[in-house]
$ cat query_24.cif   # mmCIF, C-alpha atoms
data_data
loop_
_atom_site.group_PDB
_atom_site.id
_atom_site.type_symbol
_atom_site.label_atom_id
_atom_site.label_comp_id
_atom_site.auth_asym_id
_atom_site.auth_seq_id
_atom_site.Cartn_x
_atom_site.Cartn_y
_atom_site.Cartn_z
ATOM 1 C CA MET V 259 24.835 10.980 -15.743
ATOM 2 C CA THR V 260 24.831 14.362 -17.371
ATOM 3 C CA SER V 261 27.827 13.387 -19.495
ATOM 4 C CA GLN V 262 25.355 11.690 -21.798
ATOM 5 C CA PHE V 263 24.179 15.143 -22.781
ATOM 6 C CA ASP V 264 26.208 18.231 -23.403
ATOM 7 C CA SER V 265 28.052 18.259 -20.099
ATOM 8 C CA ASN V 266 30.841 20.350 -21.597
ATOM 9 C CA SER V 267 28.533 23.300 -22.002
ATOM 10 C CA LEU V 268 28.957 26.297 -19.750
ATOM 11 C CA VAL V 269 25.488 25.881 -18.310
ATOM 12 C CA ASP V 270 26.152 22.278 -17.362
ATOM 13 C CA LYS V 271 29.473 23.154 -15.813
ATOM 14 C CA GLU V 272 27.880 25.923 -13.803
ATOM 15 C CA LEU V 273 25.007 23.716 -12.723
ATOM 16 C CA ASN V 274 27.418 20.950 -11.777
ATOM 17 C CA ARG V 275 29.386 23.433 -9.683
ATOM 18 C CA ARG V 276 26.289 24.774 -7.913
ATOM 19 C CA PHE V 277 24.845 21.364 -7.236
ATOM 20 C CA ALA V 278 28.210 20.227 -5.884
ATOM 21 C CA MET V 279 28.168 23.201 -3.511
ATOM 22 C CA MET V 280 24.674 22.305 -2.435
ATOM 23 C CA ARG V 281 25.801 18.732 -1.871
ATOM 24 C CA GLN V 282 28.660 19.885 0.341
ATOM 25 C CA GLN V 283 26.354 22.170 2.276
ATOM 26 C CA ASP V 284 23.822 19.401 2.854
ATOM 27 C CA ALA V 285 26.630 17.097 3.961
ATOM 28 C CA ARG V 286 27.523 19.538 6.738
ATOM 29 C CA HIS V 287 23.998 19.235 8.146
ATOM 30 C CA LEU V 288 23.715 15.509 7.650
ATOM 31 C CA PRO V 289 21.614 13.856 10.367
ATOM 32 C CA GLU V 290 22.699 10.645 12.040
ATOM 33 C CA ILE V 291 21.813 7.644 9.977
ATOM 34 C CA PHE V 292 19.459 6.265 12.615
ATOM 35 C CA ASP V 293 17.837 9.015 14.555
ATOM 36 C CA ALA V 294 17.441 7.682 18.072
ATOM 37 C CA GLN V 295 14.426 9.876 18.753
ATOM 38 C CA VAL V 296 12.569 8.770 15.643
ATOM 39 C CA LEU V 297 13.384 5.126 16.234
ATOM 40 C CA ALA V 298 12.359 5.365 19.892
ATOM 41 C CA ALA V 299 9.029 6.801 18.843
ATOM 42 C CA ARG V 300 8.507 3.967 16.405
ATOM 43 C CA SER V 301 9.861 1.070 18.427
ATOM 44 C CA PRO V 302 6.560 0.435 20.283
ATOM 45 C CA LEU V 303 4.924 -0.219 16.937
ATOM 46 C CA ILE V 304 7.478 -2.909 16.176
ATOM 47 C CA VAL V 305 7.102 -4.500 19.602
ATOM 48 C CA ARG V 306 3.339 -4.452 19.284
ATOM 49 C CA ARG V 307 3.593 -6.081 15.896
ATOM 50 C CA LYS V 308 5.559 -8.954 17.438
ATOM 51 C CA SER V 309 2.954 -9.373 20.145
ATOM 52 C CA TYR V 310 0.248 -9.474 17.486
ATOM 53 C CA ALA V 311 1.718 -12.801 16.343
ATOM 54 C CA ILE V 312 0.744 -14.383 19.673
ATOM 55 C CA ILE V 313 -2.977 -13.850 19.021
ATOM 56 C CA PRO V 314 -3.411 -16.338 16.147
ATOM 57 C CA MET V 315 -1.157 -18.838 17.928
ATOM 58 C CA THR V 316 -3.305 -18.642 21.055
ATOM 59 C CA ALA V 317 -6.477 -18.957 19.011
ATOM 60 C CA ALA V 318 -5.105 -22.019 17.216
ATOM 61 C CA ALA V 319 -4.100 -23.655 20.518
ATOM 62 C CA LEU V 320 -7.536 -22.992 22.000
ATOM 63 C CA ALA V 321 -9.262 -24.455 18.949
ATOM 64 C CA ALA V 322 -7.080 -27.566 19.140
ATOM 65 C CA VAL V 323 -7.933 -28.071 22.828
ATOM 66 C CA ILE V 324 -11.677 -27.654 22.184
ATOM 67 C CA VAL V 325 -11.690 -30.088 19.241
ATOM 68 C CA THR V 326 -9.702 -32.674 21.188
ATOM 69 C CA GLY V 327 -12.063 -32.355 24.145
ATOM 70 C CA LEU V 328 -15.108 -32.822 21.948
ATOM 71 C CA LEU V 329 -13.618 -35.880 20.265
ATOM 72 C CA VAL V 330 -12.711 -37.535 23.571
ATOM 73 C CA SER V 331 -16.081 -36.865 25.211
ATOM 74 C CA GLY V 332 -18.074 -38.084 22.170
ATOM 75 C CA GLN V 333 -16.450 -41.531 21.982
ATOM 76 C CA SER V 334 -18.991 -43.557 24.080
ATOM 77 C CA SER V 335 -19.295 -47.094 22.684
ATOM 78 C CA GLN V 336 -22.853 -48.454 22.209
ATOM 79 C CA ASP V 337 -24.166 -51.932 21.461
ATOM 80 C CA PRO V 338 -25.703 -52.037 17.926
ATOM 81 C CA SER V 339 -28.545 -54.293 18.995
ATOM 82 C CA LEU V 340 -29.527 -51.903 21.756
ATOM 83 C CA LEU V 341 -29.371 -49.035 19.340
ATOM 84 C CA TYR V 342 -31.637 -50.908 16.896
ATOM 85 C CA ALA V 343 -34.134 -51.769 19.583
ATOM 86 C CA SER V 344 -34.279 -48.228 20.870
ATOM 87 C CA ILE V 345 -34.880 -46.844 17.405
ATOM 88 C CA MET V 346 -37.578 -49.368 16.646
ATOM 89 C CA SER V 347 -39.392 -48.825 19.906
ATOM 90 C CA GLU V 348 -39.232 -45.035 19.842
ATOM 91 C CA ASN V 349 -40.502 -44.459 16.312
ATOM 92 C CA ILE V 350 -43.665 -45.803 14.731
ATOM 93 C CA MET V 351 -42.995 -46.962 11.222
ATOM 94 C CA ALA V 352 -44.652 -44.881 8.540
ATOM 95 C CA THR V 353 -45.597 -47.989 6.540
ATOM 96 C CA ASP V 354 -47.667 -49.296 9.443
ATOM 97 C CA GLN V 355 -49.718 -46.134 9.373
ATOM 98 C CA LEU V 356 -50.262 -46.419 5.636
ATOM 99 C CA MET V 357 -51.426 -50.023 5.860
ATOM 100 C CA SER V 358 -53.826 -49.465 8.716
ATOM 101 C CA MET V 359 -57.431 -48.715 7.695
ATOM 102 C CA SER V 360 -60.105 -47.016 9.704
ATOM 103 C CA PRO V 361 -63.432 -48.809 10.094
ATOM 104 C CA GLY V 362 -65.290 -46.008 8.260
ATOM 105 C CA THR V 363 -63.322 -46.614 5.123
ATOM 106 C CA MET V 364 -64.671 -50.059 4.445
ATOM 107 C CA PRO V 365 -68.318 -49.196 3.379
ATOM 108 C CA ALA V 366 -67.047 -46.717 0.838
ATOM 109 C CA MET V 367 -64.795 -49.355 -0.629
ATOM 110 C CA ILE V 368 -67.804 -51.528 -1.457
ATOM 111 C CA THR V 369 -69.211 -49.109 -4.058
ATOM 112 C CA THR V 370 -66.076 -48.291 -5.837
ATOM 113 C CA VAL V 371 -66.016 -45.943 -8.784
ATOM 114 C CA GLY V 372 -64.545 -48.545 -11.041
ATOM 115 C CA VAL V 373 -67.493 -50.894 -10.607
ATOM 116 C CA ASP V 374 -69.983 -48.147 -11.436
ATOM 117 C CA ILE V 375 -68.172 -47.257 -14.599
ATOM 118 C CA THR V 376 -68.097 -50.861 -15.724
ATOM 119 C CA ASP V 377 -71.846 -51.158 -15.219
ATOM 120 C CA ALA V 378 -72.541 -47.936 -17.118
ATOM 121 C CA ALA V 379 -70.337 -49.059 -19.965
ATOM 122 C CA LEU V 380 -72.317 -52.210 -20.288
ATOM 123 C CA VAL V 381 -75.585 -50.210 -20.410
ATOM 124 C CA ASN V 382 -74.560 -47.462 -22.783
ATOM 125 C CA TYR V 383 -72.234 -49.375 -24.974
ATOM 126 C CA PRO V 384 -73.671 -52.875 -25.627
ATOM 127 C CA GLN V 385 -71.058 -53.471 -28.297
ATOM 128 C CA LEU V 386 -68.569 -53.756 -25.514
ATOM 129 C CA ASP V 387 -70.514 -56.683 -24.099
ATOM 130 C CA TYR V 388 -68.529 -59.440 -25.671
ATOM 131 C CA ALA V 389 -70.707 -62.090 -24.074
ATOM 132 C CA HIS V 390 -73.276 -61.671 -26.888
ATOM 133 C CA MET W 225 21.202 -7.248 6.998
ATOM 134 C CA GLN W 226 24.691 -5.979 7.792
ATOM 135 C CA SER W 227 25.387 -5.329 4.131
ATOM 136 C CA VAL W 228 22.153 -3.348 3.793
ATOM 137 C CA ILE W 229 23.149 -1.140 6.730
ATOM 138 C CA GLU W 230 26.566 -0.612 5.188
ATOM 139 C CA GLU W 231 24.949 0.328 1.889
ATOM 140 C CA LEU W 232 22.641 2.749 3.657
ATOM 141 C CA GLN W 233 25.600 4.328 5.404
ATOM 142 C CA ALA W 234 27.485 4.613 2.130
ATOM 143 C CA HIS W 235 24.600 6.402 0.420
ATOM 144 C CA HIS W 236 23.346 8.304 3.435
ATOM 145 C CA ALA W 237 24.419 11.749 2.211
ATOM 146 C CA ALA W 238 22.870 11.250 -1.216
ATOM 147 C CA ASN W 239 19.734 9.838 0.375
ATOM 148 C CA PHE W 240 19.423 12.822 2.644
ATOM 149 C CA GLY W 241 19.804 15.251 -0.265
ATOM 150 C CA TRP W 242 17.136 13.384 -2.183
ATOM 151 C CA ALA W 243 14.810 13.384 0.840
ATOM 152 C CA LEU W 244 15.275 17.150 1.136
ATOM 153 C CA THR W 245 14.345 17.632 -2.510
ATOM 154 C CA CYS W 246 11.318 15.371 -2.216
ATOM 155 C CA CYS W 247 10.183 17.351 0.837
ATOM 156 C CA ALA W 248 10.841 20.804 -0.652
ATOM 157 C CA TRP W 249 13.770 21.340 1.750
ATOM 158 C CA GLN W 250 11.686 21.027 4.866
ATOM 159 C CA ARG W 251 14.318 19.601 7.151
ATOM 160 C CA ASP W 252 12.024 18.040 9.762
ATOM 161 C CA VAL W 253 9.863 16.306 7.192
ATOM 162 C CA ALA W 254 12.937 15.124 5.289
ATOM 163 C CA ASP W 255 14.421 13.620 8.469
ATOM 164 C CA GLU W 256 11.187 11.811 9.156
ATOM 165 C CA VAL W 257 10.912 10.551 5.583
ATOM 166 C CA LEU W 258 14.484 9.314 5.578
ATOM 167 C CA GLN W 259 14.109 7.397 8.826
ATOM 168 C CA ASP W 260 10.827 5.895 7.682
ATOM 169 C CA ALA W 261 12.406 4.845 4.390
ATOM 170 C CA TYR W 262 15.319 3.217 6.228
ATOM 171 C CA LEU W 263 12.907 1.356 8.471
ATOM 172 C CA ARG W 264 11.015 0.087 5.444
ATOM 173 C CA VAL W 265 14.271 -1.138 3.945
ATOM 174 C CA LEU W 266 15.438 -2.798 7.148
ATOM 175 C CA ASP W 267 12.193 -4.487 8.196
ATOM 176 C CA GLY W 268 11.515 -5.788 4.683
ATOM 177 C CA ARG W 269 8.479 -3.683 3.811
ATOM 178 C CA ALA W 270 10.470 -2.357 0.846
ATOM 179 C CA ARG W 271 11.931 -5.163 -1.225
ATOM 180 C CA TYR W 272 14.874 -4.962 -3.560
ATOM 181 C CA SER W 273 14.017 -6.544 -6.903
ATOM 182 C CA GLY W 274 17.571 -6.398 -8.228
ATOM 183 C CA HIS W 275 16.599 -4.563 -11.415
ATOM 184 C CA SER W 276 18.545 -1.469 -10.457
ATOM 185 C CA THR W 277 21.415 -0.390 -8.268
ATOM 186 C CA SER W 278 20.860 -0.216 -4.531
ATOM 187 C CA LYS W 279 21.300 3.550 -4.657
ATOM 188 C CA THR W 280 18.481 3.881 -7.182
ATOM 189 C CA TRP W 281 16.327 1.573 -5.100
ATOM 190 C CA PHE W 282 16.884 3.681 -1.980
ATOM 191 C CA PHE W 283 15.867 6.754 -3.970
ATOM 192 C CA SER W 284 12.659 5.147 -5.160
ATOM 193 C CA VAL W 285 11.794 4.057 -1.603
ATOM 194 C CA ILE W 286 12.448 7.574 -0.290
ATOM 195 C CA LYS W 287 10.312 9.030 -3.063
ATOM 196 C CA ARG W 288 7.448 6.702 -2.183
ATOM 197 C CA VAL W 289 7.687 7.457 1.534
ATOM 198 C CA ALA W 290 7.779 11.194 0.808
ATOM 199 C CA ALA W 291 4.643 10.896 -1.313
ATOM 200 C CA ASP W 292 2.907 9.014 1.511
ATOM 201 C CA MET W 293 4.020 11.644 3.986
ATOM 202 C CA GLN W 294 2.733 14.455 1.780
ATOM 203 C CA ARG W 295 -0.644 12.767 1.528
ATOM 204 C CA THR W 296 -0.785 12.407 5.317
ATOM 205 C CA LEU W 297 0.188 16.026 5.860
ATOM 206 C CA LYS W 298 -2.373 17.161 3.307
ATOM 207 C CA ARG W 299 -5.113 15.207 5.067
ATOM 208 C CA ARG W 300 -4.100 16.731 8.387
ATOM 209 C CA SER W 301 -4.034 20.209 6.897
ATOM 210 C CA ILE W 302 -7.517 19.699 5.428
ATOM 211 C CA LEU W 303 -8.773 18.623 8.838
ATOM 212 C CA ASN W 304 -7.202 21.679 10.439
ATOM 213 C CA LEU W 305 -8.224 23.996 7.631
ATOM 214 C CA ARG W 306 -11.519 25.079 9.131
ATOM 215 C CA ILE W 307 -9.947 26.181 12.376
ATOM 216 C CA VAL W 308 -6.942 27.820 10.717
ATOM 217 C CA SER W 309 -8.958 29.552 8.009
ATOM 218 C CA SER W 310 -11.184 31.283 10.514
ATOM 219 C CA ASP W 311 -8.125 32.464 12.453
ATOM 220 C CA ALA W 312 -6.311 33.503 9.272
ATOM 221 C CA ALA W 313 -9.286 35.452 8.012
ATOM 222 C CA LEU W 314 -9.298 37.418 11.206
ATOM 223 C CA ALA W 315 -5.527 37.939 11.298
ATOM 224 C CA GLY W 316 -5.051 38.579 7.546
ATOM 225 C CA ASP W 317 -2.679 35.644 7.124
ATOM 226 C CA LYS W 318 -0.347 35.435 4.100
ATOM 227 C CA THR W 319 1.210 32.361 2.478
ATOM 228 C CA PRO W 320 5.010 32.168 2.931
ATOM 229 C CA ASP W 321 6.964 32.335 -0.316
ATOM 230 C CA THR W 322 9.597 29.858 -1.451
ATOM 231 C CA SER W 323 12.550 31.937 -0.255
ATOM 232 C CA GLU W 324 11.141 31.864 3.282
ATOM 233 C CA ILE W 325 10.768 28.083 3.141
ATOM 234 C CA VAL W 326 14.323 27.653 1.903
ATOM 235 C CA SER W 327 15.805 30.039 4.440
ATOM 236 C CA ASP W 328 14.026 28.054 7.139
ATOM 237 C CA ALA W 329 16.068 24.991 6.240
ATOM 238 C CA TRP W 330 19.381 26.380 7.447
ATOM 239 C CA GLU W 331 21.802 29.133 6.673
ATOM 240 C CA ALA W 332 22.925 28.878 3.089
ATOM 241 C CA ASP W 333 25.166 31.101 1.031
ATOM 242 C CA ASP W 334 23.704 33.240 -1.735
ATOM 243 C CA SER W 335 24.596 30.872 -4.541
ATOM 244 C CA SER W 336 22.969 27.876 -2.888
ATOM 245 C CA ARG W 337 19.972 29.907 -1.813
ATOM 246 C CA GLN W 338 19.494 31.111 -5.388
ATOM 247 C CA LEU W 339 19.632 27.539 -6.586
ATOM 248 C CA HIS W 340 17.140 26.433 -3.909
ATOM 249 C CA VAL W 341 14.697 29.185 -4.819
ATOM 250 C CA ALA W 342 15.084 28.523 -8.537
ATOM 251 C CA LEU W 343 14.537 24.804 -8.049
ATOM 252 C CA MET W 344 11.447 25.465 -5.961
ATOM 253 C CA THR W 345 9.880 27.378 -8.830
ATOM 254 C CA LEU W 346 10.371 24.452 -11.220
ATOM 255 C CA PRO W 347 7.695 21.796 -11.657
ATOM 256 C CA THR W 348 8.239 18.868 -9.319
ATOM 257 C CA ARG W 349 9.274 16.410 -12.019
ATOM 258 C CA GLN W 350 11.850 18.755 -13.543
ATOM 259 C CA ARG W 351 13.268 19.482 -10.087
ATOM 260 C CA GLU W 352 13.550 15.784 -9.329
ATOM 261 C CA VAL W 353 15.204 14.959 -12.642
ATOM 262 C CA LEU W 354 17.761 17.741 -12.291
ATOM 263 C CA HIS W 355 18.530 16.699 -8.742
ATOM 264 C CA LEU W 356 19.101 13.067 -9.657
ATOM 265 C CA LEU W 357 21.232 13.917 -12.680
ATOM 266 C CA PHE W 358 23.323 16.749 -11.223
ATOM 267 C CA TYR W 359 23.238 16.269 -7.460
ATOM 268 C CA ALA W 360 23.120 12.481 -7.182
ATOM 269 C CA GLU W 361 24.923 11.965 -10.490
ATOM 270 C CA LEU W 362 22.713 9.125 -11.596
ATOM 271 C CA THR W 363 22.507 7.913 -15.169
ATOM 272 C CA LEU W 364 19.471 8.576 -17.308
ATOM 273 C CA GLU W 365 18.348 4.981 -16.920
ATOM 274 C CA ASP W 366 18.728 4.993 -13.144
ATOM 275 C CA THR W 367 16.892 8.301 -12.938
ATOM 276 C CA ALA W 368 14.058 6.815 -14.954
ATOM 277 C CA ILE W 369 13.911 3.804 -12.618
ATOM 278 C CA ALA W 370 14.031 5.946 -9.470
ATOM 279 C CA LEU W 371 11.159 8.108 -10.700
ATOM 280 C CA ASP W 372 9.302 5.238 -12.367
ATOM 281 C CA VAL W 373 9.110 7.022 -15.729
ATOM 282 C CA SER W 374 10.543 6.364 -19.170
ATOM 283 C CA VAL W 375 14.018 7.454 -20.250
ATOM 284 C CA GLY W 376 12.464 9.679 -22.907
ATOM 285 C CA SER W 377 10.437 11.450 -20.257
ATOM 286 C CA VAL W 378 13.562 11.990 -18.162
ATOM 287 C CA ARG W 379 15.337 13.464 -21.190
ATOM 288 C CA THR W 380 12.452 15.852 -21.856
ATOM 289 C CA HIS W 381 12.268 17.003 -18.247
ATOM 290 C CA TYR W 382 16.037 17.424 -18.164
ATOM 291 C CA HIS W 383 16.099 19.737 -21.187
ATOM 292 C CA ARG W 384 13.104 21.780 -20.077
ATOM 293 C CA GLY W 385 14.278 22.008 -16.489
ATOM 294 C CA LYS W 386 17.814 22.969 -17.433
ATOM 295 C CA LYS W 387 16.558 25.648 -19.818
ATOM 296 C CA ARG W 388 14.267 27.134 -17.209
ATOM 297 C CA LEU W 389 16.902 26.919 -14.491
ATOM 298 C CA SER W 390 19.480 28.665 -16.634
ATOM 299 C CA VAL W 391 17.032 31.520 -17.191
ATOM 300 C CA LEU W 392 16.202 31.747 -13.503
ATOM 301 C CA LEU W 393 19.885 31.715 -12.520
ATOM 302 C CA CYS W 394 20.798 34.092 -15.369
ATOM 303 C CA LEU W 395 23.149 31.560 -16.915
ATOM 304 C CA GLU W 396 23.887 31.802 -20.609
ATOM 305 C CA GLU W 397 22.190 29.076 -22.665
ATOM 306 C CA ASN W 398 24.113 29.176 -25.927
ATOM 307 C CA ASP W 399 24.692 25.506 -26.456
ATOM 308 C CA ASP W 400 21.341 24.163 -27.737
#
$ encode --input "query_24.cif" --output "structure tokens"
Amino acid sequence: MTSQFDSNSLVDKELNRRFAMMRQQDARHLPEIFDAQVLAARSPLIVRRKSYAIIPMTAAALAAVIVTGLLVSGQSSQDPSLLYASIMSENIMATDQLMSMSPGTMPAMITTVGVDITDAALVNYPQLDYAH
Amino acid sequence: MQSVIEELQAHHAANFGWALTCCAWQRDVADEVLQDAYLRVLDGRARYSGHSTSKTWFFSVIKRVAADMQRTLKRRSILNLRIVSSDAALAGDKTPDTSEIVSDAWEADDSSRQLHVALMTLPTRQREVLHLLFYAELTLEDTAIALDVSVGSVRTHYHRGKKRLSVLLCLEENDD
């Protein structure tokens, strides 16, 4: 409050008087605390805001129904042996392919690189021939 | 909720005066600001922290709403500026002075009108500080909280504003 300053001064007294007059004048033109017109203009916003709350609730309910439906429809029991047999019959094992050998491969396997090298080593490097 | 409404009713006159000051005594804008501030208080958008009195809190909410309103009005005026400026250039439009704005509010006697006009010429912060200290009779601390400034700043604005106001109102300042 102004009493913390020099409220006893003439200026403060005069200002206090004038502001008090202004206060009284404003009080004569005081509007109603809740202006019906203003509130009526704003009330649709409030109502709409309440209705906005329904949207996430509806979305959540829909999601729950969809998830439940998917879970129920996906629960078909299956015999493990049948499952195993179907997998084994439908897919060729990769290891079988690796182990199989075409007929053309066999002649090449006869003259292998390793054999040639061993022969050459014996020719060029007799010291490696431990038989002597 | 009932207690909040009772508090609002108790401080309604002071709130209205503060809204008028924040809106440069434009009655329509002040009404709108006040109602919007009350709605914010009632629907919980403005929350009371308990660090000040309820009266001070209402003032700070009103101040915030008034600032928002001013920004909105400024944006609208910028949007309308192109149309208005072309019309004004043709018609030789002039900006209304402060006395015209004040007299638009409602019929006031000479003393109050002088005070209105003098306050309108003050910087916004000085006007607000003087209003809260003299009109609303808040303490320095509550004024500082309502305006979200320091107590020292309030004291400075008070002295400067009072000095300038006393010159404008031709009051004798012999007590410094």
$ atom_distance --input "query_24.cif" --atom1 "CA of Ile229 (chain W)" --atom2 "CA of Ile291 (chain V)"
9.5 Å
$ residues_around --input "query_24.cif" --residues "Val228 (chain W)" --least-positions-apart "5" --cutoff "10 Å" --atoms "all atoms listed in the file" --output "PyMOL selection string"
chain W and resi 233-234+262+265-266+278
$ resolve_selection --input "query_24.cif" --expression "the PyMOL selection byres ((chain V and resi 290) around 10)" --output "PyMOL selection string"
(chain V and resi 287-289+291-294) or (chain W and resi 233+236+255+259)
$ atom_distance --input "query_24.cif" --atom1 "CA of Asp252 (chain W)" --atom2 "CA of Thr345 (chain W)"
20.9 Å
$ closest_atom_pairs --input "query_24.cif" --of "chain W" --to "chain V" --cutoff "6 Å" --atoms "all atoms listed in the file" --output "tab-separated table"
residue	atom	partner	partner_atom	distance
W:Ser336	CA	V:Met280	CA	5.8
W:Leu357	CA	V:Met259	CA	5.6
W:Phe358	CA	V:Asn274	CA	5.9
W:Tyr359	CA	V:Phe277	CA	5.3
W:Glu361	CA	V:Met259	CA	5.3
W:Leu362	CA	V:Met259	CA	5.0
W:Thr363	CA	V:Met259	CA	3.9
$ resolve_selection --input "query_24.cif" --expression "the PyMOL selection byres ((chain W and resi 378) around 9)" --output "MDAnalysis selection string"
chainID W and resid 349:350 353 364:365 367:368 371 373:377 379:383
$ closest_residue --input "query_24.cif" --among "W:Lys387, W:Arg288, W:Lys298, W:Arg351" --to "Asp260 (chain W)" --atoms "only C-alpha atoms"
W:Arg288
$ decode --input "query_24.cif" --residues "region 254-266 of chain W" --atoms "N, CA and C atoms" --output "compact mmCIF listing (two decimals), in the first residue's frame"
# COMPACT_ATOMS: atom_id res chain seq x y z
N ALA W 254 -12.60 -4.37 -22.03
CA ALA W 254 -12.43 -4.69 -20.60
C ALA W 254 -13.48 -5.71 -20.14
N ASP W 255 -14.72 -5.55 -20.60
CA ASP W 255 -15.77 -6.52 -20.26
C ASP W 255 -15.38 -7.92 -20.74
N GLU W 256 -14.93 -7.94 -21.98
CA GLU W 256 -14.56 -9.23 -22.58
C GLU W 256 -13.40 -9.87 -21.81
N VAL W 257 -12.41 -9.06 -21.49
CA VAL W 257 -11.23 -9.55 -20.77
C VAL W 257 -11.63 -10.09 -19.40
N LEU W 258 -12.50 -9.35 -18.74
CA LEU W 258 -12.91 -9.76 -17.39
C LEU W 258 -13.66 -11.09 -17.42
N GLN W 259 -14.57 -11.23 -18.37
CA GLN W 259 -15.33 -12.48 -18.46
C GLN W 259 -14.41 -13.66 -18.81
N ASP W 260 -13.49 -13.39 -19.72
CA ASP W 260 -12.55 -14.44 -20.12
C ASP W 260 -11.68 -14.86 -18.93
N ALA W 261 -11.25 -13.86 -18.16
CA ALA W 261 -10.42 -14.16 -16.98
C ALA W 261 -11.22 -14.98 -15.97
N TYR W 262 -12.47 -14.62 -15.77
CA TYR W 262 -13.32 -15.38 -14.82
C TYR W 262 -13.51 -16.82 -15.30
N LEU W 263 -13.68 -16.96 -16.60
CA LEU W 263 -13.85 -18.32 -17.14
C LEU W 263 -12.59 -19.15 -16.92
N ARG W 264 -11.45 -18.50 -17.12
CA ARG W 264 -10.17 -19.22 -16.90
C ARG W 264 -10.04 -19.65 -15.45
N VAL W 265 -10.49 -18.78 -14.55
CA VAL W 265 -10.41 -19.11 -13.12
C VAL W 265 -11.36 -20.27 -12.81
N LEU W 266 -12.57 -20.19 -13.36
CA LEU W 266 -13.60 -21.18 -13.00
C LEU W 266 -13.36 -22.54 -13.64
